[in-house]
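Colleague: My questions will all concern the structure given below.
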Amino acid sequence: MKPILVYLSLIVGFGMTMPSWGFEQAQPVWIEGREEELNLFAGFRASLAAGEGDQVVVRCTASTAYRLFLNGDYVGAGPARGPHGFFRVDEWDVSSKARPGENMVAFEVAGYNANSYGTLDQPSFLQAEVIRNGKVSAFTGGEGNGFEALVLDQRVQKVERYSFQRAFTEVYRLSPGWDLWRTSRQASDKIEKVEVLEARKGIPRRVPYPTFEKRSAVRWTAAGTLQEQPLPEKPWKPWGLTAVGPEFNGFPEAELESASILEIQKFPDKELEPLGTAYNPEPVEIPAMHFRIADFGTNLSGFPGAVIRCTSPTVLYMTFDEMLSEGDVNYKRLGCANVITWDLQPGTYAVEAFEPYTMRFLKLQSTRSACEVLSVYLREYANPDVWEANFASPDSRLNQLFTAARETFRQNAVDVFMDCPHRERAGWLCDSFFTSRVAFDLSGDTRVEKAFLENYLLPDHFEHLPAGMLPMCYPSDHTNGNFIPNWAMWFVVQLEEYQQRCGDRELVDALRPRVLALFDYFKPFINSDGLLEGLEKWVFVEWSKANDFVQDVNYPSNMLYAAALSAASRLYGLPDLEKQAEKMRATIRTQSFDGEFFVDNAVRKDGTLEATRNRTEVCQYFAFYFGVATPESHARLWETLCSAFGPGRKESGAFPEIFPANSFVGNVMRLELLSQAGKCRQLLDESVGYNHYMAERTGTLWENIHSDASCNHGFASHVAHTLFRDVLGIYRIDPVAKRVVLRFTDIDLPWCEGRIPFEEGAVTVRWRQSEKGLIYDVERPEGYQLVVENPGGKKVCMKETVCAE
């Protein structure tokens with residue numbers, strides 16, 4: 001039996017067919033004949049008779065996304081994302097929200113049918129059933145006992161895309177009673193005919209359910225007036241408006257019913273006044289042609305909402321961003337359509353976005369007439385399993401870094417490891433290598449990582465990509481055929497660490513054909529020297545000048561590929577791969593090292609390969625991180641990197657001919673190398689230098705060293721891993737071998753304490769410096785061996801024992 005079939009039999013149960021997994025009676029349905037229509041917003045509802053104390057569970061999945069209510073009360077949103085052709089099944093226990101008598105279960109479902117990085121271009125459907133006390137009481141596809149459907153045309157259908165990487169913006173036209181369909185049947189309801197669709201393949205959700213906590217604004221940071229003017233002659237048009245075509249699904253600009261990103265440009269600020277007043281739940285009036293800016297205190301991700309009252313028709317725009325630019329919200333900064341439009345008739349409305357966004361600042365702009373804001377909030381969409389882990393020290397900067405890292409992680413790890421929770425919401429490889437480490441530290445498990453890797457396993461193939469290549473991000477559509485060959489290499493390196501974290505041989509073995517097929521893809525690119533040459537598509541090293549030096553032979557790419565071969569050799573017992581990897585490393589040393597630094601690339605001229613003089617900081621880190629160089633084999637270079645590079649190099653001006661690294665990924669790799677060398681005091685100082693200004697400004701950690709892109713990027717949460725490992729001293733927790741390794745280094749802090757939870761308990765460490773040495777206390781699960789390493793050379797002893805000389 002093929003490895004993938006063996007794996008599928010394990011996850012869905014022997015003797016069960018894939019389409020039946022998770023559901024007893026429900027079938028996938030959609031409004032008849034419209035399952036491939038762009039951006040259709042549909043409602044589905046069913047009655048439920050419940051008694052006192054009944055257990056009520058709603059089981060569901062959908063394409064593209066849904067929001068669930070019971071009796072008008074918010075329950076949750078989903079589904080967790082799965083790969084093409086597979087759909088993760090959610091189960092919501094709504095017993096506490098059910099009341100004796102009749103209840104109404106209501107779904108809002110967005111069927112986008114748009115290729116993107118954040119969601120998949122697949123026909124729309126809902127598959128749901130309501131279980132009362134263990135028996136199905138309502139289900140989609142049921143005759144006389146099922147759900148009825150409506151088209152929810154209050155959400156405007158023909159609008160622009162939010163970004164190149166995500167689907168559509170949100171524009172709503174609301175009148176009083178617009179949401180009554182969620183709670184009762186109205187005479188005016190137009191019930192649509194539905195059709196049962198082809199069976200879908202259900203798979204387990206795996207990942208934890210968000211708690212959807214509502215976070216109120218903490219202050220009003222500014223207010224001001226607007227002016228109305230014609231659309232600028234050359235308005236700002238982002239990708240989501242201009243790129244529609246055969247490879248980018250959407251509505252052409254000429255067909256749009258509304259284009260928020262153009263309309264908002266007709267209302268620039270006239271005057272802005274800083275406020276800084278505390279937010280409270282009292283109503284706040286926004287006069288016509290005025291605005292207010294709310295501050296949530298830190299970057300948050302989720303569904304912005306408000307309660308709005310207006311006595312005359314008005315249009316309320318919500319614009320948002322992660323930071324203020326000259327005291328205002330710059331909705332253009334991220335290159336997305338960061339605007340939600342609410343076209344309101346007189347009445348009181350509880351409005352909330354359907355899609356998740358990221359913001360610290362939310363700007364409310366009322367145009368036609370005045371409105372009252374009764375409340376402003378954001379309903380969080382984040383990983384809930386991060387609060388049992390903790391870290392504390394007397395250095396407030398480190399504590400602030402930990403808080404920022406935790407915020408960054410939980411907003412980027414809802415169901416896959418994302419790069420960012422706003423512009424893309426995509427499950428990117430490479431980012432995932434670093435974020436997966438933090439997942440184990442903060443959540444104590446590999447649930448999100450398993451789902452992330454499983455998504456790469458299950459599809460038969462990846463459409464639009466060459467055989468063997470893996471998508472650079474997934475679940476995503478890559479209609480234009482683009483991919484990053486380097487990211488597929490990072491996949492293999494991450495897979496080995498995943499095996500070490502949890503010992504999941506079933507998934508690792510099932511992925512073996514994928515890994516070997518990837519190596520088969522690379523074989524035609526191996527030149528006579530044994531190195532990859534002429535790699536195709538988006539060859540990516542990091543966000544720096546290094547990405548300009550990727551042809552013909554890119555040495556960082558070859559360093560990474562050698563590491564992937566070595567990882568696969570160890571994972572699958574294939575010694576020939578390790579031999580190939582070591583030959584590559586030896587060749588790279590010969591060709592790339594110029595006696596002072598490693599050069600980034602060589603170009604072929606008249607049939608001969610010639611090394612260039614292109615040298616980047618990140619190339620040096622690749623060499624040391626992936627074993628091409630060591631502090632011993634290249635001692636002078638190592639000393640130069642340690643002493644002359646780092647966050648202060650821009651000010652010092654050292655080695656201006658070496659192009660600097662960026663946050664993603666060079667600076668993180670540098671910190672890893674300092675850790676490996678035991679230079680943890682320097683690592684601590686540089687972690688603060690690289691990241692603290694980010695934490696101060698947004699409460700999250702950034703994609704780049706500058707603020708021109710994402711200020712909430714999953715990989716950057718790796719700082720938490722650094723703090724646990726190199727400051728607190730929990731060097732490794734090995735659940736497979738049942739071993740805890742502590743490592744105490746040259747950190748110069750008076751004390752530190754922290755906790756890492758995991759399935760079998762938690763590891764808690766506290767230590768303090770004293771005249772006698774470093775005194776530590778550790779709590780660990782029963783049966784776990786404790787190993788203590790002391791490369792710092794300090795006197796170290798456990799609490800209440802005598803420190804030896």
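All residue names refer to the structure tokens as shown: chains lettered A, B, ... in order, residues numbered from 1 in each chain, ligands numbered from 1 in order.
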Hey, what's within 12 Å of Phe164 of chain A if we count only C-alpha atoms and toss same-chain stuff fewer than 4 positions away? As a PyMOL selection string, please?
Modeller: chain A and resi 114-119+160+168-169+237-245+247-250+334-337+422-426+477-478
Colleague: DSSP says strand (DSSP E) for which residues of segment 147-324 of chain A? Put them as a PyMOL selection string?
Modeller: chain A and resi 148-151+170-174+194-196+201-204+214-216+219-226+269-278+284-286+290-310+314-321+324
Colleague: Pull the closest atom pair for each residue of segment 373-438 of chain A that gets at most 10 Å from segment 738-749 of chain A, along with the distance in Å to one decimal, counting only C-alpha atoms, ordering rows by chain and then ascending residue number, as JSON lines.
Modeller:
```
{"residue": "A:Ser393", "atom": "CA", "partner": "A:Leu749", "partner_atom": "CA", "distance": 7.8}
{"residue": "A:Pro394", "atom": "CA", "partner": "A:Leu749", "partner_atom": "CA", "distance": 7.5}
{"residue": "A:Asp395", "atom": "CA", "partner": "A:Leu749", "partner_atom": "CA", "distance": 7.9}
```
Colleague: How would the residues just chosen look if you wrote them out with all heavy atoms as a PDB file, in the first residue's frame?
Modeller:
```
ATOM      1  N   SER A 393      11.961  38.177  33.584  1.00  0.00           N
ATOM      2  CA  SER A 393      13.316  38.526  34.000  1.00  0.00           C
ATOM      3  C   SER A 393      13.276  39.945  34.551  1.00  0.00           C
ATOM      4  O   SER A 393      12.274  40.659  34.373  1.00  0.00           O
ATOM      5  CB  SER A 393      14.282  38.436  32.808  1.00  0.00           C
ATOM      6  OG  SER A 393      14.175  39.592  31.998  1.00  0.00           O
ATOM      7  N   PRO A 394      14.337  40.414  35.186  1.00  0.00           N
ATOM      8  CA  PRO A 394      14.352  41.801  35.655  1.00  0.00           C
ATOM      9  C   PRO A 394      14.568  42.822  34.543  1.00  0.00           C
ATOM     10  O   PRO A 394      14.463  44.020  34.786  1.00  0.00           O
ATOM     11  CB  PRO A 394      15.523  41.819  36.641  1.00  0.00           C
ATOM     12  CG  PRO A 394      16.424  40.735  36.171  1.00  0.00           C
ATOM     13  CD  PRO A 394      15.530  39.669  35.629  1.00  0.00           C
ATOM     14  N   ASP A 395      14.847  42.365  33.320  1.00  0.00           N
ATOM     15  CA  ASP A 395      15.060  43.262  32.187  1.00  0.00           C
ATOM     16  C   ASP A 395      13.721  43.449  31.468  1.00  0.00           C
ATOM     17  O   ASP A 395      13.243  42.535  30.779  1.00  0.00           O
ATOM     18  CB  ASP A 395      16.107  42.675  31.247  1.00  0.00           C
ATOM     19  CG  ASP A 395      16.544  43.658  30.161  1.00  0.00           C
ATOM     20  OD1 ASP A 395      15.726  44.519  29.777  1.00  0.00           O
ATOM     21  OD2 ASP A 395      17.687  43.548  29.681  1.00  0.00           O
TER      22      ASP A 395
END
```
Colleague: Under the rule that only C-alpha atoms are counted, which of A:Phe483, A:Glu617, A:Asp419, A:Asn390 is the nearest residue to Leu728 of chain A?
Modeller: A:Asn390
Colleague: Measuring between only C-alpha atoms, which one of A:Lys579, A:His713, A:Arg512, A:Lys201 shows the shortest distance to Leu8 of chain A?
Modeller: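 The shortest atom-to-atom distance to Leu8 of chain A comes from A:Lys201.
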Colleague: Extract, using only C-alpha atoms, all DNA, RNA and protein residues at most 9 Å from segment 584-596 of chain A, discarding same-chain residues fewer than 4 positions from it, and format them as a PyMOL selection string.
Modeller: chain A and resi 529-531+555+558-559+561-562+579-580+600-602+610-613+623+626-629+636-637
Colleague: Calculate how many Å separate atom CA of Ser443 of chain A from atom CA of Lys97 of chain A, rounding to one decimal.
Modeller: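 Pair atom CA of Ser443 of chain A / atom CA of Lys97 of chain A returns 27.9 Å.
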Colleague: Could you check the closest approach to Ala404 of chain A for each of A:Gly134, A:Thr277, A:Pro459, A:Phe391 and tell me which residue wins, using only C-alpha atoms?
Modeller: A:Phe391
Colleague: Applying 7 Å and only C-alpha atoms, which residues near Ala288 of chain A remain after dropping the ones on its own chain fewer than 6 positions away? List them as a PDB file with N, CA and C atoms, in the first residue's frame.
Modeller:
```pdb
ATOM      1  N   SER A 366     -17.164  59.045   8.972  1.00  0.00           N
ATOM      2  CA  SER A 366     -18.571  59.186   8.614  1.00  0.00           C
ATOM      3  C   SER A 366     -18.701  60.305   7.591  1.00  0.00           C
ATOM      4  N   THR A 367     -19.354  60.025   6.467  1.00  0.00           N
ATOM      5  CA  THR A 367     -19.343  60.990   5.372  1.00  0.00           C
ATOM      6  C   THR A 367     -20.663  61.737   5.219  1.00  0.00           C
ATOM      7  N   ARG A 368     -21.733  61.061   4.872  1.00  0.00           N
ATOM      8  CA  ARG A 368     -22.962  61.775   4.494  1.00  0.00           C
ATOM      9  C   ARG A 368     -23.608  62.508   5.658  1.00  0.00           C
ATOM     10  N   SER A 369     -23.620  61.877   6.828  1.00  0.00           N
ATOM     11  CA  SER A 369     -24.270  62.489   7.986  1.00  0.00           C
ATOM     12  C   SER A 369     -23.588  61.991   9.243  1.00  0.00           C
ATOM     13  N   ALA A 370     -24.047  62.513  10.381  1.00  0.00           N
ATOM     14  CA  ALA A 370     -23.444  62.132  11.660  1.00  0.00           C
ATOM     15  C   ALA A 370     -23.869  60.724  12.059  1.00  0.00           C
TER      16      ALA A 370
END
```
Colleague: Point out the residue among A:Asn547, A:Ala737, A:Gly33, A:Asn480 with the least atom-to-atom distance to His464 of chain A, counting only C-alpha atoms.
Modeller: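 Ranking A:Asn547, A:Ala737, A:Gly33, A:Asn480 by distance to His464 of chain A, first place goes to A:Asn480.
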Colleague: Pick from A:Met418, A:Ala294, A:Leu684, A:Cys752: nearest to Val719 of chain A, with only C-alpha atoms counted?
Modeller: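 Under the stated criterion, the closest residue is A:Leu684.
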Colleague: Please provide the set of residues having any atom within 12 Å of segment 140-149 of chain A, restricted to only C-alpha atoms, with same-chain residues fewer than 3 positions apart removed, written as a ChimeraX atom specification.
Modeller: /A:23-32,41-49,58-62,104-109,125-130,136-137,152,181-182,185,189-199
Colleague: Could you name the residues that touch Arg219 of chain A at 10 Å or less, counting only C-alpha atoms, but leaving out those on the same chain fewer than 3 positions away, as a ChimeraX atom specification?
Modeller: /A:216,222,275-280,293-297,361
Colleague: Compile the contact shell of Ser175 of chain A as an NGL selection string: residues with an atom at most 12 Å away, counting only C-alpha atoms, same-chain residues fewer than 4 positions apart removed.
Modeller: :A and (153-155 or 179-180 or 309-314 or 342-351)
